[in-house]
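Asker: The structure under discussion is supplied below as structure tokens; questions concerning it will follow.
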Amino acid sequence: MKEFITIKGAKENNLKNIDLVIPRNKLIVFTGLSGSGKTSLAFDTIFAEGQRRFIESLSSYARQFLGQMHKPNVESIDGLSPAISIDQKTTGRNPRSTVGTVTEIYDYLRLFYARAGTVFCPKCDKEISTQTIDQIVDKVMSQKEGSKILVNAPVVRGRKGEYSKLLESFKKSGYQRVMINGQIHSLDDDISLDKQKKHSISVVIDRLVIKEDISKRLTDSIEAALKLAEGLVIIDNDGEEILFSTKYACTECNISISEIEPRLFSFNSPFGACPTCSGLGYKNEIDPVLIYGDGEKSLRKGALAVSGWNLDASYYGEMYFEALSKRYNFSLDTPYKELPDNIKQILLYGNGGEKLTLAYQSYSFSGSFHKSYEGIIPNLMRRYQTTASESSKADIEKYMRSTPCSECNGLRLKKEALAVKLNGQNIAQICRLSIKKLCAFISNLQLNGTQTLIAAPIVKEINERLKFLMDVGLDYLTLSRSAGSLSGGEAQRIRLATQIGSGLMGVLYILDEPSIGLHQRDNEKLIATLERLRDLGNTLIVVEHDEDTIKRADHIVDIGPFAGVHGGELVAQGNLQNIMNAPNSLTGKYLSGEKNIPIPKTRRETINGFIEIVGASQNNLKNVTASIPLGVMTAITGVSGSGKSSLINQILFPAASNTINKTRLPIGKHEKIDGLHLVDKIVNIDQSAIGRTPRSNPATYTGVFTPIRELFAKTNDAKERGYAPGRFSFNVKGGRCEHCTGDGIIKIEMNFLPDVYVPCEVCKGERYNRETLAVKYKGINISDVLNMTIEDACCFFENIPQIYTKIKSLYDVGLGYIKLGQSATTLSGGEAQRVKLSTELSKRATSKSLYILDEPTTGLHMADVDRLIVILQRLASSGNTIVVIEHNLDVIKTADYCIDLGYEGGDAGGQIIGVGTPEELANNEKSYTGIFLKKILDNRYVV
């Protein structure tokens, strides 16, 4: 086997004909500025070629379903192993996907409970067991002598079908009668069943009179019935039903559990899922509070600010509300909260079908008609369930809340599954334990001899997978955690843990910043995990900015020297000393200390008041009271899962938004928040995508595309043709290419792989038709503008302030290398966050704004972090309040104030460990963040 991977002539994206030789079976880090070409080399070249070769190795039959893979722009790659990509994409938004199902640990737990669990009655919680035929006979014989017994063996329960063959087989077996949906029918009669109707069909053995001499006959009858069905319903002379089963049954509660199999514990199967919520654990329902808010407004002033019902903007709503006010005698000018309860009930849920006289009037005609009032909530639910429009659904979802299912209390499973326990805990309960506590639970299980033999191989598999999750710093997660709620870093580390569990060797793994969202304390575990994967005989290529990971690498490749068109070159490679000695390596300069991010000489004083969050108890927060100083930069720190996002994103932001922007966002559990009246603007800059489709891009998101289109409409070419600004929009008909409807690309669905996008064959990716592209400003058309980098656009539009200001703000946050029209789907979470930040920077500041940022250093090189800190400090110096959730010590050390949460993640977190300046936190021996921060502050670079 070759010892090296040899790449020649890599020219994908901005790569400039790179030649590179990297060792196999080593931990290799690709580093460099954001946008320098690391991802282009690692993912778009090396991984893409490995994937293409795998597809080409398959049969022609298989390839016809997978399609033709794009060949990266590279002359040759030798020594390439089968490649697996572990990137930052989330594990999916399917609400049925959980940490347990993604890692397959839940599959082993289902098997564990099915084979070794103890069964209890779902009703009385008494331990139950199977019954023998003799026990069933004895129970029947215990009835009073002379009682008439109908022995009824259920064969079909609540299923659709005709079942004519089944009925015929009963008749051939000697049975004379069956019970269908509660009615007894003779098999000699012509029985017609509806295929579309659900049926319950039971064999009727006979109506028996209890006598001393019928025991054998009854035993034979029950044995015959159990050949067809696993349970019996015995109906005595008084009509009372008694349930019996050769499986599990509670004779006191007349409850029978038909089977204990792994599928009983699956919330994705009808055999195990809660019938009320279908295994989701929650129901999305309209929340009346989100419709009417605080109730201070009247109906005429927009109390029910729902699309289609707001009297300020909807004649439809006005027509109904006028009719309702006349019929039920209430005023549209009365504040909603002062209306009688029965009127509120009618407004929200309808008037029970009573006809109203509705008057309408327009410019040309008027009249009236009679119709009942549906009610806002039924109307919204009907529209939500019937519309095919994603935007309409998203609009209605603003008024919905997810509430735990009333039947299963959010546990997803039916009561029979929850009645099976191990050491007193059902499967849903242990899935709500943190990974760390679940490890302890499994280790301390008290099993009998038979259970131990059955469980040994299952427990081994469970323990190994749990250990892998702990090794990558995810011990605070629970198996019941929804996969869609995981951050990109968490999802990536879960897949990394899964790969370790597979035990493969000879594989090329390519990872994209696995340290994202990880506290320094847990970073050591992650690096050890990467080294373990390497030691199995695999090659790891890690795209990373984390200093600790870079220093532990066997081989480092530095791409640069700068971003975009100024990058794409091999700056340096080798060991750590090689990188630090390279004269053109910006990474090396930061690693050696030649360049650094300075610590402020003084900290801003906390003299402008506080926003105080009192009694926060959302998720794992333990009745926390946190005071956030105004007019300064505050870092919210702590180990992963300690409660940072719960405090800021789920409590502070929605509360501030509802107060300042009059939104109606759900707010996490807390007692009160004081001080929000001191803020006049709230800006939340998270890492969610700026758009879900390829037609969303930085130009449209920041709003700069509007003045650009207006500029093109003012050109002589456009005026001669009569083109308005709308002609230059790729979102509407007129100027766009209709073959791709302005996308510039065509999506090709791949059956077994992610969808592939190829350039439109008509417009060649330019989005517009030929007539639109003929209009030029300074020699370039509208498509050329969208293909400009931010840096080039700054120069091109420098004399047009309305455009330049917005583009310059994108450049200032380190996005000079991306294109104005770059698809939102290709931007990383960190890049999307910086686009949002630039959008806010281009707006006029109020000096009383509250900025909330969630790990803004994601995907940033040390030099880019330096630039980001300058921007945040500039905002704080203008009197704004900056709240940053962050692990990056360079950001934390430049903050004015810190709030550190811990001590651990998950259940062991949710407490405030320390507050104060970075220096004060560094002296807090209880703080994990402080321990690492102290090392940084002891080597001070002060400005």
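Following the order of the structure tokens, first chain is A, next is B, and so on, with residues numbered from 1 inside each chain and ligands from 1 in the order they appear.
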Mind checking which residues fall within 10 Å of segment 365-370 of chain A, counting only C-alpha atoms, ignoring those fewer than 4 positions away in the same chain, and posting them as a list of chain:residue names?

Answerer: A:Glu354, A:Lys355, A:Leu356, A:Thr357, A:Leu358, A:Ala359, A:Tyr360, A:Gln361

Asker: Residues at most 8 Å from segment 163-170 of chain A, counting only C-alpha atoms, excluding those fewer than 4 positions away in the same chain, as a list in words?

Answerer: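 Counting only the stated atoms, we get Gly174, Tyr175, Gln176, Leu187, Leu193 and Val203 of chain A.
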
Asker: Keeping only N, CA and C atoms, write the selected residues as a CSV table (one decimal), in the first residue's frame.

Answerer:
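File produced: out00.csv:
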chain,number,residue,atom,x,y,z
A,174,GLY,N,-64.3,-26.3,11.2
A,174,GLY,CA,-65.4,-26.8,12.1
A,174,GLY,C,-66.0,-25.7,12.9
A,175,TYR,N,-65.6,-24.5,12.8
A,175,TYR,CA,-66.3,-23.4,13.6
A,175,TYR,C,-67.6,-23.0,12.9
A,176,GLN,N,-68.6,-22.7,13.7
A,176,GLN,CA,-69.9,-22.4,13.2
A,176,GLN,C,-70.2,-20.9,13.3
A,187,LEU,N,-71.4,-18.7,10.2
A,187,LEU,CA,-70.6,-18.9,9.0
A,187,LEU,C,-71.4,-19.5,7.9
A,193,LEU,N,-68.0,-8.3,3.9
A,193,LEU,CA,-67.2,-7.3,4.6
A,193,LEU,C,-66.7,-6.2,3.7
A,203,VAL,N,-63.2,-15.6,16.7
A,203,VAL,CA,-63.8,-16.9,16.6
A,203,VAL,C,-64.7,-17.2,17.9

Asker: With only C-alpha atoms counted and 12 Å as the cut-off, give the residues of segment 269-293 of chain A in contact with segment 343-349 of chain A, each with its shortest interatomic distance in Å and the pair that gives it, as JSON lines.

Answerer:
{"residue": "A:Ile286", "atom": "CA", "partner": "A:Leu348", "partner_atom": "CA", "distance": 10.2}
{"residue": "A:Asp287", "atom": "CA", "partner": "A:Leu348", "partner_atom": "CA", "distance": 10.3}
{"residue": "A:Pro288", "atom": "CA", "partner": "A:Leu348", "partner_atom": "CA", "distance": 7.5}
{"residue": "A:Val289", "atom": "CA", "partner": "A:Leu348", "partner_atom": "CA", "distance": 10.7}
{"residue": "A:Leu290", "atom": "CA", "partner": "A:Leu348", "partner_atom": "CA", "distance": 11.8}
{"residue": "A:Ile291", "atom": "CA", "partner": "A:Leu348", "partner_atom": "CA", "distance": 9.0}
{"residue": "A:Tyr292", "atom": "CA", "partner": "A:Leu348", "partner_atom": "CA", "distance": 9.7}

Asker: Please provide the set of residues having any atom within 8 Å of Gly353 of chain A, restricted to only C-alpha atoms, with same-chain residues fewer than 6 positions apart removed, written as a PyMOL selection string.

Answerer: chain A and resi 372-374

Asker: Pick out the residues sitting within 12 Å of Ala305 of chain A, and hand them over as a PyMOL selection string; count only C-alpha atoms, and ignore anything fewer than 5 positions along from it in its own chain.

Answerer: chain A and resi 288-295+297-300+310-314+317+336+376+395-396+398-399+662-664

Asker: Which polymer residues have any atom within 8 Å of an atom of Thr702 of chain A, counting only C-alpha atoms, with same-chain residues fewer than 6 positions away left out, as JSON, numbers by chain?

Answerer: {"A": [806, 835, 836, 838, 839]}

Asker: Grab the residues selected above and save them as a PDB file, in the first residue's frame with all heavy atoms.

Answerer:
ATOM      1  N   LYS A 806     -23.481  48.972   2.269  1.00  0.00           N
ATOM      2  CA  LYS A 806     -23.909  47.607   2.601  1.00  0.00           C
ATOM      3  C   LYS A 806     -22.850  46.577   2.230  1.00  0.00           C
ATOM      4  O   LYS A 806     -22.608  45.618   2.979  1.00  0.00           O
ATOM      5  CB  LYS A 806     -25.228  47.285   1.886  1.00  0.00           C
ATOM      6  CG  LYS A 806     -26.420  48.104   2.379  1.00  0.00           C
ATOM      7  CD  LYS A 806     -27.691  47.718   1.637  1.00  0.00           C
ATOM      8  CE  LYS A 806     -28.892  48.530   2.099  1.00  0.00           C
ATOM      9  NZ  LYS A 806     -29.245  48.264   3.498  1.00  0.00           N
ATOM     10  N   VAL A 835     -23.009  37.272   7.660  1.00  0.00           N
ATOM     11  CA  VAL A 835     -23.868  38.028   6.733  1.00  0.00           C
ATOM     12  C   VAL A 835     -24.927  38.791   7.522  1.00  0.00           C
ATOM     13  O   VAL A 835     -25.217  39.969   7.255  1.00  0.00           O
ATOM     14  CB  VAL A 835     -24.527  37.083   5.704  1.00  0.00           C
ATOM     15  CG1 VAL A 835     -25.602  37.824   4.909  1.00  0.00           C
ATOM     16  CG2 VAL A 835     -23.485  36.509   4.752  1.00  0.00           C
ATOM     17  N   LYS A 836     -25.502  38.115   8.524  1.00  0.00           N
ATOM     18  CA  LYS A 836     -26.504  38.775   9.370  1.00  0.00           C
ATOM     19  C   LYS A 836     -25.887  39.925  10.157  1.00  0.00           C
ATOM     20  O   LYS A 836     -26.485  40.998  10.302  1.00  0.00           O
ATOM     21  CB  LYS A 836     -27.130  37.763  10.329  1.00  0.00           C
ATOM     22  CG  LYS A 836     -27.909  36.655   9.644  1.00  0.00           C
ATOM     23  CD  LYS A 836     -28.400  35.630  10.653  1.00  0.00           C
ATOM     24  CE  LYS A 836     -29.083  34.471   9.969  1.00  0.00           C
ATOM     25  NZ  LYS A 836     -29.549  33.445  10.928  1.00  0.00           N
ATOM     26  N   SER A 838     -23.277  41.728   9.325  1.00  0.00           N
ATOM     27  CA  SER A 838     -22.998  42.848   8.412  1.00  0.00           C
ATOM     28  C   SER A 838     -24.266  43.615   8.081  1.00  0.00           C
ATOM     29  O   SER A 838     -24.247  44.838   7.931  1.00  0.00           O
ATOM     30  CB  SER A 838     -22.348  42.328   7.126  1.00  0.00           C
ATOM     31  OG  SER A 838     -23.295  41.652   6.320  1.00  0.00           O
ATOM     32  N   THR A 839     -25.379  42.887   7.952  1.00  0.00           N
ATOM     33  CA  THR A 839     -26.658  43.541   7.666  1.00  0.00           C
ATOM     34  C   THR A 839     -27.020  44.513   8.777  1.00  0.00           C
ATOM     35  O   THR A 839     -27.480  45.634   8.526  1.00  0.00           O
ATOM     36  CB  THR A 839     -27.773  42.493   7.500  1.00  0.00           C
ATOM     37  OG1 THR A 839     -27.402  41.575   6.476  1.00  0.00           O
ATOM     38  CG2 THR A 839     -29.087  43.154   7.115  1.00  0.00           C
TER      39      THR A 839
END

Asker: Write out as a ChimeraX atom specification which residues come within 10 Å of Phe730 of chain A when counting only C-alpha atoms, dropping same-chain ones fewer than 6 positions away.

Answerer: /A:695,736-738,740-744,766-769,783

Asker: So which residues touch segment 540-556 of chain A within 7 Å, counting only C-alpha atoms, skipping near sequence neighbours fewer than 2 positions away, as a PyMOL selection string?

Answerer: chain A and resi 26-31+38+508-513+515+527+534+538+558+573-576+860-861

Asker: Take the residues from that selection and put them in a file with N, CA and C atoms, as a PDB file, in the first residue's frame.

Answerer:
ATOM      1  N   LYS A  26      -2.127   9.158   9.142  1.00  0.00           N
ATOM      2  CA  LYS A  26      -1.717  10.217  10.048  1.00  0.00           C
ATOM      3  C   LYS A  26      -2.892  11.154  10.296  1.00  0.00           C
ATOM      4  N   LEU A  27      -2.764  11.977  11.346  1.00  0.00           N
ATOM      5  CA  LEU A  27      -3.731  13.036  11.629  1.00  0.00           C
ATOM      6  C   LEU A  27      -3.223  14.304  10.963  1.00  0.00           C
ATOM      7  N   ILE A  28      -3.920  14.737   9.934  1.00  0.00           N
ATOM      8  CA  ILE A  28      -3.488  15.872   9.114  1.00  0.00           C
ATOM      9  C   ILE A  28      -4.485  17.008   9.287  1.00  0.00           C
ATOM     10  N   VAL A  29      -4.000  18.206   9.547  1.00  0.00           N
ATOM     11  CA  VAL A  29      -4.855  19.373   9.706  1.00  0.00           C
ATOM     12  C   VAL A  29      -4.654  20.308   8.522  1.00  0.00           C
ATOM     13  N   PHE A  30      -5.764  20.674   7.859  1.00  0.00           N
ATOM     14  CA  PHE A  30      -5.764  21.723   6.847  1.00  0.00           C
ATOM     15  C   PHE A  30      -6.197  23.004   7.536  1.00  0.00           C
ATOM     16  N   THR A  31      -5.363  24.037   7.465  1.00  0.00           N
ATOM     17  CA  THR A  31      -5.710  25.289   8.123  1.00  0.00           C
ATOM     18  C   THR A  31      -5.464  26.455   7.173  1.00  0.00           C
ATOM     19  N   LYS A  38      -9.321  25.796   1.956  1.00  0.00           N
ATOM     20  CA  LYS A  38      -9.172  24.538   2.709  1.00  0.00           C
ATOM     21  C   LYS A  38     -10.279  23.551   2.351  1.00  0.00           C
ATOM     22  N   LEU A 508     -10.176   6.860   4.643  1.00  0.00           N
ATOM     23  CA  LEU A 508      -9.819   8.275   4.677  1.00  0.00           C
ATOM     24  C   LEU A 508     -11.004   9.054   5.222  1.00  0.00           C
ATOM     25  N   TYR A 509     -10.857   9.602   6.430  1.00  0.00           N
ATOM     26  CA  TYR A 509     -11.901  10.406   7.049  1.00  0.00           C
ATOM     27  C   TYR A 509     -11.595  11.888   6.834  1.00  0.00           C
ATOM     28  N   ILE A 510     -12.598  12.644   6.426  1.00  0.00           N
ATOM     29  CA  ILE A 510     -12.428  14.083   6.233  1.00  0.00           C
ATOM     30  C   ILE A 510     -13.450  14.793   7.113  1.00  0.00           C
ATOM     31  N   LEU A 511     -12.953  15.608   8.044  1.00  0.00           N
ATOM     32  CA  LEU A 511     -13.805  16.266   9.038  1.00  0.00           C
ATOM     33  C   LEU A 511     -13.717  17.779   8.891  1.00  0.00           C
ATOM     34  N   ASP A 512     -14.832  18.446   9.174  1.00  0.00           N
ATOM     35  CA  ASP A 512     -14.910  19.903   9.057  1.00  0.00           C
ATOM     36  C   ASP A 512     -15.093  20.525  10.432  1.00  0.00           C
ATOM     37  N   GLU A 513     -14.006  20.983  11.016  1.00  0.00           N
ATOM     38  CA  GLU A 513     -13.994  21.680  12.305  1.00  0.00           C
ATOM     39  C   GLU A 513     -14.804  20.951  13.391  1.00  0.00           C
ATOM     40  N   SER A 515     -14.205  20.662  16.406  1.00  0.00           N
ATOM     41  CA  SER A 515     -14.105  21.313  17.723  1.00  0.00           C
ATOM     42  C   SER A 515     -15.157  22.389  17.938  1.00  0.00           C
ATOM     43  N   ILE A 527      -9.563  15.363  20.693  1.00  0.00           N
ATOM     44  CA  ILE A 527      -8.289  15.114  20.021  1.00  0.00           C
ATOM     45  C   ILE A 527      -7.842  13.677  20.256  1.00  0.00           C
ATOM     46  N   ARG A 534      -7.104   7.392  14.149  1.00  0.00           N
ATOM     47  CA  ARG A 534      -5.866   7.277  13.356  1.00  0.00           C
ATOM     48  C   ARG A 534      -5.125   5.988  13.686  1.00  0.00           C
ATOM     49  N   ASN A 538      -6.282   4.456  10.051  1.00  0.00           N
ATOM     50  CA  ASN A 538      -7.003   5.342   9.139  1.00  0.00           C
ATOM     51  C   ASN A 538      -6.247   6.653   8.939  1.00  0.00           C
ATOM     52  N   ASP A 558      -1.056  24.399   5.385  1.00  0.00           N
ATOM     53  CA  ASP A 558      -1.561  25.770   5.513  1.00  0.00           C
ATOM     54  C   ASP A 558      -1.856  26.321   4.128  1.00  0.00           C
ATOM     55  N   GLN A 573       3.717  23.506   4.661  1.00  0.00           N
ATOM     56  CA  GLN A 573       3.276  22.210   5.156  1.00  0.00           C
ATOM     57  C   GLN A 573       4.396  21.550   5.941  1.00  0.00           C
ATOM     58  N   GLY A 574       4.019  20.616   6.780  1.00  0.00           N
ATOM     59  CA  GLY A 574       5.002  19.931   7.607  1.00  0.00           C
ATOM     60  C   GLY A 574       4.553  19.883   9.053  1.00  0.00           C
ATOM     61  N   ASN A 575       5.523  19.847   9.964  1.00  0.00           N
ATOM     62  CA  ASN A 575       5.180  19.825  11.378  1.00  0.00           C
ATOM     63  C   ASN A 575       4.938  21.242  11.896  1.00  0.00           C
ATOM     64  N   LEU A 576       4.657  21.351  13.187  1.00  0.00           N
ATOM     65  CA  LEU A 576       4.311  22.652  13.771  1.00  0.00           C
ATOM     66  C   LEU A 576       5.428  23.671  13.568  1.00  0.00           C
ATOM     67  N   LEU A 860     -13.947  30.583  11.941  1.00  0.00           N
ATOM     68  CA  LEU A 860     -13.054  31.727  11.757  1.00  0.00           C
ATOM     69  C   LEU A 860     -11.615  31.398  12.125  1.00  0.00           C
ATOM     70  N   HIS A 861     -10.698  31.865  11.296  1.00  0.00           N
ATOM     71  CA  HIS A 861      -9.266  31.811  11.571  1.00  0.00           C
ATOM     72  C   HIS A 861      -8.922  32.845  12.646  1.00  0.00           C
TER      73      HIS A 861
END
